[in-house]
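The next block holds one structure in the form of structure tokens; read it before the comments.
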Amino acid sequence: MSVPENRLRIAVQKNGRLAERSLDLMREAGLRVMKGANDLLYRIENHPIDVLRVRDDDITTFVADGVCDLGVIGLNVLEEHAARRNGPRPEVVMRLGFGRCALKIAAPAEATWQGPEALAGRRIATSYPGVLQSWLRERNIEAEVVELHGAVEVAPRLKVAHAICDLVSTGATLEANGLKAVETVLESEAVLVRAPGGPPEAHQHLADVLTDRLRGVVAAQG
Ligand code: PRP
Ligand code: ZN
Ligand code: MG
């Protein structure tokens with residue numbers, strides 16, 4: 001994949017919950033998105049901008065490393081990335097008002113919740129070990145964190161863990177698995193991020209114009 005050096009690059013999610021809304025946002029900001037033969041790279045017809053469509057973990061890496069100037073990512077993914085990786089991290093420019101969800105601790109619905117301290121010595125299954133570990137550390141709780149990459153909600157039933165820490169949107173998945181949310185670890189939504197220290201000089205003006213337009217779009221949607 002060759003990417004011309006002079007074009008501003010924005011990284012967005014290729015598949016997943018934020019993917020469609022991220023492109024809609026670009027359109028609402030006046031960008032004419034041209035879907036090309038290359039599914040990884042969309043061109044903006046009316047501005048020197050390329051949209052890279054990648055996996056959400058990779059958005060954080062590309063923006064942190066300055067490979068992309070801007071990115072649209074869930075705060076949950078950004079925080080997990082930052083918790084796991086030393087070095088520069090993308091800067092949050094603004095919240096985008098969509099993709100709202102929360103990272104929560106959930107436990108079997110029938111059990112009485114005794115507070116976070118009750119997690120001491122227990123196993124917690126999660127796809128967010130970094131964020132969970134720092135939440136536990138802040139509370140001086142020593143628990144065993146079990147990393148799973150999906151189907152986290154079945155872990156208590158399988159006796160893999162006593163509790164879980166996963167994203168909750170409607171709450172339907174928790175309910176279907178006999179779990180209830182007991183603590184909120186992180187409130188999340190989609191955010192616009194930029195490379196540490198901002199884009200290079202050549203992209204500064206365009207990045208500012210686009211950011212102002214996006215601010216207008218988000219404000220209008222209230
Ligand atoms: C996410 C998340 C929860 C669920 C929450 O899973 O991991 O399981 O959505 O949504 P709800 O509260 O509306 O039920 P997703 O379906 O994206 O799949 P994944 O866990 O395999 O990533
Ligand atoms: Zn991941
Ligand atoms: Mg899930």
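Following the order of the structure tokens, first chain is A, next is B, and so on, with residues numbered from 1 inside each chain and ligands from 1 in the order they appear.
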Considering only C-alpha atoms, tabulate each residue of segment 97-215 of chain A that lies at most 8 Å from segment 75-87 of chain A along with its nearest interatomic pair and the corresponding distance in Å to one decimal; arrange the rows by chain and ascending residue number and present them as JSON lines.
{"residue": "A:Leu103", "atom": "CA", "partner": "A:Asn76", "partner_atom": "CA", "distance": 7.4}
{"residue": "A:Tyr128", "atom": "CA", "partner": "A:Glu80", "partner_atom": "CA", "distance": 6.1}
{"residue": "A:Pro129", "atom": "CA", "partner": "A:Glu80", "partner_atom": "CA", "distance": 7.6}
{"residue": "A:Gly130", "atom": "CA", "partner": "A:Ala83", "partner_atom": "CA", "distance": 4.9}
{"residue": "A:Val131", "atom": "CA", "partner": "A:Glu80", "partner_atom": "CA", "distance": 5.4}
{"residue": "A:Ser134", "atom": "CA", "partner": "A:Ala83", "partner_atom": "CA", "distance": 7.7}
{"residue": "A:Leu186", "atom": "CA", "partner": "A:Asn76", "partner_atom": "CA", "distance": 7.3}
{"residue": "A:Glu187", "atom": "CA", "partner": "A:Asn76", "partner_atom": "CA", "distance": 8.0}
{"residue": "A:Ser188", "atom": "CA", "partner": "A:Leu75", "partner_atom": "CA", "distance": 5.2}
{"residue": "A:Glu189", "atom": "CA", "partner": "A:Leu75", "partner_atom": "CA", "distance": 5.8}
{"residue": "A:Ala190", "atom": "CA", "partner": "A:Leu75", "partner_atom": "CA", "distance": 6.1}
{"residue": "A:Val191", "atom": "CA", "partner": "A:Leu75", "partner_atom": "CA", "distance": 6.3}
Deliver the residues from the most recent selection as a file, using C-alpha atoms, as a short mmCIF file (atom, residue, chain, number, x, y, z; two decimals), in the first residue's frame.
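Printed below is selection_24.cif as written:
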data_model
loop_
_atom_site.label_atom_id
_atom_site.label_comp_id
_atom_site.auth_asym_id
_atom_site.auth_seq_id
_atom_site.Cartn_x
_atom_site.Cartn_y
_atom_site.Cartn_z
CA LEU A 103 -16.47 -0.82 30.94
CA TYR A 128 -9.19 -5.10 29.11
CA PRO A 129 -6.45 -6.39 31.45
CA GLY A 130 -4.51 -3.10 31.36
CA VAL A 131 -7.39 -0.83 32.37
CA SER A 134 -4.83 -0.06 37.02
CA LEU A 186 -14.58 3.55 32.56
CA GLU A 187 -17.23 5.56 30.72
CA SER A 188 -16.41 5.41 27.04
CA GLU A 189 -17.39 6.96 23.74
CA ALA A 190 -15.75 7.62 20.38
CA VAL A 191 -13.06 10.31 20.49
#
For segment 84-179 of chain A against segment 41-64 of chain A, with a cut-off of 7 Å and counting only C-alpha atoms, what is the closest atom pair and its distance in Å to one decimal for every residue that makes the cut, ordered by chain and number, as JSON lines?
{"residue": "A:Pro88", "atom": "CA", "partner": "A:Ala64", "partner_atom": "CA", "distance": 5.8}
{"residue": "A:Arg89", "atom": "CA", "partner": "A:Ala64", "partner_atom": "CA", "distance": 4.9}
{"residue": "A:Pro90", "atom": "CA", "partner": "A:Ala64", "partner_atom": "CA", "distance": 4.7}
Give me the chain A side of the contact with ligand 1, cut-off 7 Å, one line per residue showing its nearest atom pair and distance in Å at one decimal, counting only C-alpha atoms and all ligand atoms, sorted by chain and residue number, as JSON lines.
{"residue": "A:Gly150", "atom": "CA", "partner": "ligand 1", "partner_atom_place_in_ligand_line": "21 (O)", "distance": 4.2}
{"residue": "A:Ala151", "atom": "CA", "partner": "ligand 1", "partner_atom_place_in_ligand_line": "20 (O)", "distance": 5.6}
{"residue": "A:Val152", "atom": "CA", "partner": "ligand 1", "partner_atom_place_in_ligand_line": "20 (O)", "distance": 6.7}
{"residue": "A:Glu153", "atom": "CA", "partner": "ligand 1", "partner_atom_place_in_ligand_line": "8 (O)", "distance": 6.6}
{"residue": "A:Asp166", "atom": "CA", "partner": "ligand 1", "partner_atom_place_in_ligand_line": "7 (O)", "distance": 5.7}
{"residue": "A:Leu167", "atom": "CA", "partner": "ligand 1", "partner_atom_place_in_ligand_line": "2 (C)", "distance": 4.6}
{"residue": "A:Val168", "atom": "CA", "partner": "ligand 1", "partner_atom_place_in_ligand_line": "12 (O)", "distance": 3.8}
{"residue": "A:Ser169", "atom": "CA", "partner": "ligand 1", "partner_atom_place_in_ligand_line": "12 (O)", "distance": 3.6}
{"residue": "A:Thr170", "atom": "CA", "partner": "ligand 1", "partner_atom_place_in_ligand_line": "13 (O)", "distance": 3.6}
{"residue": "A:Gly171", "atom": "CA", "partner": "ligand 1", "partner_atom_place_in_ligand_line": "12 (O)", "distance": 3.4}
{"residue": "A:Ala172", "atom": "CA", "partner": "ligand 1", "partner_atom_place_in_ligand_line": "14 (O)", "distance": 4.0}
{"residue": "A:Thr173", "atom": "CA", "partner": "ligand 1", "partner_atom_place_in_ligand_line": "14 (O)", "distance": 3.7}
{"residue": "A:Leu174", "atom": "CA", "partner": "ligand 1", "partner_atom_place_in_ligand_line": "14 (O)", "distance": 6.4}
Residues near Glu183 of chain A, anyone? I mean within 9 Å using only C-alpha atoms, not counting same-chain ones fewer than 6 positions away, as a ChimeraX atom specification.
/A:103-106,115-116
Next, dump the selected residues to file, keeping only N, CA and C atoms, as a PDB file, in the first residue's frame.
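This is the output file selection17.pdb:
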ATOM      1  N   LEU A 103     -17.190   0.379  30.516  1.00  0.00           N
ATOM      2  CA  LEU A 103     -16.470  -0.815  30.943  1.00  0.00           C
ATOM      3  C   LEU A 103     -16.878  -1.060  32.394  1.00  0.00           C
ATOM      4  N   LYS A 104     -17.507  -2.211  32.636  1.00  0.00           N
ATOM      5  CA  LYS A 104     -18.046  -2.455  33.975  1.00  0.00           C
ATOM      6  C   LYS A 104     -17.616  -3.799  34.533  1.00  0.00           C
ATOM      7  N   ILE A 105     -17.561  -3.858  35.853  1.00  0.00           N
ATOM      8  CA  ILE A 105     -17.397  -5.130  36.538  1.00  0.00           C
ATOM      9  C   ILE A 105     -18.805  -5.704  36.680  1.00  0.00           C
ATOM     10  N   ALA A 106     -18.943  -6.984  36.372  1.00  0.00           N
ATOM     11  CA  ALA A 106     -20.232  -7.643  36.549  1.00  0.00           C
ATOM     12  C   ALA A 106     -20.019  -8.953  37.292  1.00  0.00           C
ATOM     13  N   GLY A 115     -19.012  -4.924  47.407  1.00  0.00           N
ATOM     14  CA  GLY A 115     -18.060  -3.836  47.130  1.00  0.00           C
ATOM     15  C   GLY A 115     -16.792  -4.380  46.497  1.00  0.00           C
ATOM     16  N   PRO A 116     -15.967  -3.448  45.930  1.00  0.00           N
ATOM     17  CA  PRO A 116     -14.763  -3.836  45.199  1.00  0.00           C
ATOM     18  C   PRO A 116     -13.814  -4.733  46.010  1.00  0.00           C
TER      19      PRO A 116
END
Rank nothing, just name the residue among A:Gly178, A:Gly66, A:Gly71, A:Gly121 nearest to Val12 of chain A, using only C-alpha atoms.
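Using only C-alpha atoms, the shortest distance to Val12 of chain A belongs to A:Gly71.
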Identify, with DSSP run on backbone atoms, the residues in segment 119-191 of chain A assigned to helix (DSSP H, G or I), and express the list as a list in words.
Leu119, Pro129, Gly130, Val131, Leu132, Gln133, Ser134, Trp135, Leu136, Arg137, Glu138, Val152, Glu153, Val154, Ala172, Thr173, Leu174, Glu175 and Ala176 of chain A
Those residues you just picked out, can you put them in a file as a PDB file, in the first residue's frame with C-alpha atoms?
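Generated output (selection-v3.pdb):
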ATOM      1  CA  LEU A 119     -12.727  -9.017  44.441  1.00  0.00           C
ATOM      2  CA  PRO A 129      -6.446  -6.386  31.450  1.00  0.00           C
ATOM      3  CA  GLY A 130      -4.513  -3.104  31.362  1.00  0.00           C
ATOM      4  CA  VAL A 131      -7.393  -0.834  32.368  1.00  0.00           C
ATOM      5  CA  LEU A 132      -8.670  -3.361  34.907  1.00  0.00           C
ATOM      6  CA  GLN A 133      -5.242  -3.800  36.530  1.00  0.00           C
ATOM      7  CA  SER A 134      -4.833  -0.064  37.024  1.00  0.00           C
ATOM      8  CA  TRP A 135      -8.364   0.203  38.460  1.00  0.00           C
ATOM      9  CA  LEU A 136      -7.531  -2.601  40.902  1.00  0.00           C
ATOM     10  CA  ARG A 137      -4.139  -1.091  41.736  1.00  0.00           C
ATOM     11  CA  GLU A 138      -5.733   2.281  42.593  1.00  0.00           C
ATOM     12  CA  VAL A 152     -16.158 -12.902  28.395  1.00  0.00           C
ATOM     13  CA  GLU A 153     -19.693 -13.105  29.800  1.00  0.00           C
ATOM     14  CA  VAL A 154     -19.729 -16.901  29.844  1.00  0.00           C
ATOM     15  CA  ALA A 172     -28.616  -7.378  27.124  1.00  0.00           C
ATOM     16  CA  THR A 173     -25.488  -9.572  27.068  1.00  0.00           C
ATOM     17  CA  LEU A 174     -25.099  -9.371  30.848  1.00  0.00           C
ATOM     18  CA  GLU A 175     -28.734 -10.221  31.388  1.00  0.00           C
ATOM     19  CA  ALA A 176     -28.614 -13.144  28.961  1.00  0.00           C
TER      20      ALA A 176
END
Gap from atom CA of Pro108 of chain A to atom 1 (Zn, counted along the ligand's line) of ligand 2 - Å, one decimal:
25.4 Å
Find the distance between atom 1 (Zn, counted along the ligand's line) of ligand 2 and atom CA of Met34 of chain A and write it in Å to one decimal.
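The value is 27.6 Å.
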Would you mind listing what lies within 6 Å of Glu147 of chain A as a list in words, with only C-alpha atoms counted and same-chain residues fewer than 5 positions away left out?
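My list of contacting residues is Ala125, Thr126 and Ser127 of chain A.
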I need the residues of chain A that end up classed as strand (DSSP E or B) by DSSP on the backbone, written out as a ChimeraX atom specification.
/A:8-13,33-34,41-44,49-54,70-74,91-95,101-108,123-126,144-147,163-168,179-188,190-194
Store the residues picked out above, limited to C-alpha atoms, as a short mmCIF file (atom, residue, chain, number, x, y, z; two decimals), in the first residue's frame.
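Here's the written file out-v3.cif:
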data_model
loop_
_atom_site.label_atom_id
_atom_site.label_comp_id
_atom_site.auth_asym_id
_atom_site.auth_seq_id
_atom_site.Cartn_x
_atom_site.Cartn_y
_atom_site.Cartn_z
CA LEU A 8 -3.42 14.09 5.67
CA ARG A 9 -4.22 10.66 7.05
CA ILE A 10 -7.12 9.74 9.28
CA ALA A 11 -7.41 6.26 10.77
CA VAL A 12 -10.88 4.84 11.39
CA GLN A 13 -12.27 1.46 12.37
CA VAL A 33 -15.48 9.88 0.76
CA MET A 34 -14.47 7.84 -2.29
CA LEU A 41 -7.69 3.16 1.96
CA TYR A 42 -10.47 5.55 1.01
CA ARG A 43 -9.67 8.86 -0.64
CA ILE A 44 -11.33 12.15 0.08
CA ILE A 49 -6.99 13.52 2.85
CA ASP A 50 -6.78 9.72 2.97
CA VAL A 51 -8.86 7.58 5.30
CA LEU A 52 -7.13 4.43 6.50
CA ARG A 53 -9.56 1.72 7.58
CA VAL A 54 -7.88 -0.56 10.08
CA LEU A 70 -5.81 11.87 13.22
CA GLY A 71 -7.93 8.94 14.30
CA VAL A 72 -11.40 8.02 15.53
CA ILE A 73 -11.29 5.50 18.35
CA GLY A 74 -13.19 4.37 21.42
CA GLU A 91 -3.82 13.00 22.31
CA VAL A 92 -7.60 13.26 22.70
CA VAL A 93 -8.84 16.26 20.71
CA MET A 94 -12.55 15.92 21.47
CA ARG A 95 -15.32 13.54 22.37
CA CYS A 101 -20.67 2.36 26.41
CA ALA A 102 -19.08 1.62 29.75
CA LEU A 103 -16.47 -0.82 30.94
CA LYS A 104 -18.05 -2.46 33.98
CA ILE A 105 -17.40 -5.13 36.54
CA ALA A 106 -20.23 -7.64 36.55
CA ALA A 107 -20.94 -10.52 38.89
CA PRO A 108 -23.54 -13.30 39.10
CA ARG A 123 -10.47 -14.28 39.32
CA ILE A 124 -11.80 -11.63 36.93
CA ALA A 125 -12.13 -12.33 33.19
CA THR A 126 -11.67 -9.41 30.80
CA GLU A 144 -6.20 -12.54 39.37
CA VAL A 145 -6.92 -11.10 35.93
CA VAL A 146 -7.73 -13.64 33.23
CA GLU A 147 -7.49 -12.27 29.70
CA ALA A 163 -16.55 -11.88 37.94
CA ILE A 164 -15.95 -10.15 34.62
CA CYS A 165 -14.94 -6.71 33.39
CA ASP A 166 -16.39 -5.99 29.96
CA LEU A 167 -18.19 -3.39 27.88
CA VAL A 168 -21.85 -2.80 28.56
CA LEU A 179 -24.88 -11.27 35.39
CA LYS A 180 -25.39 -7.81 36.85
CA ALA A 181 -23.18 -4.73 36.61
CA VAL A 182 -21.73 -3.79 40.01
CA GLU A 183 -18.96 -1.22 39.35
CA THR A 184 -18.13 1.20 36.53
CA VAL A 185 -14.46 1.18 35.56
CA LEU A 186 -14.58 3.55 32.56
CA GLU A 187 -17.23 5.56 30.72
CA SER A 188 -16.41 5.41 27.04
CA ALA A 190 -15.75 7.62 20.38
CA VAL A 191 -13.06 10.31 20.49
CA LEU A 192 -11.02 12.17 17.90
CA VAL A 193 -7.31 11.68 18.56
CA ARG A 194 -4.23 13.23 17.02
#
Can you measure atom CA of Leu23 of chain A to atom CA of Phe98 of chain A for me? One decimal in Å is fine.
12.3 Å
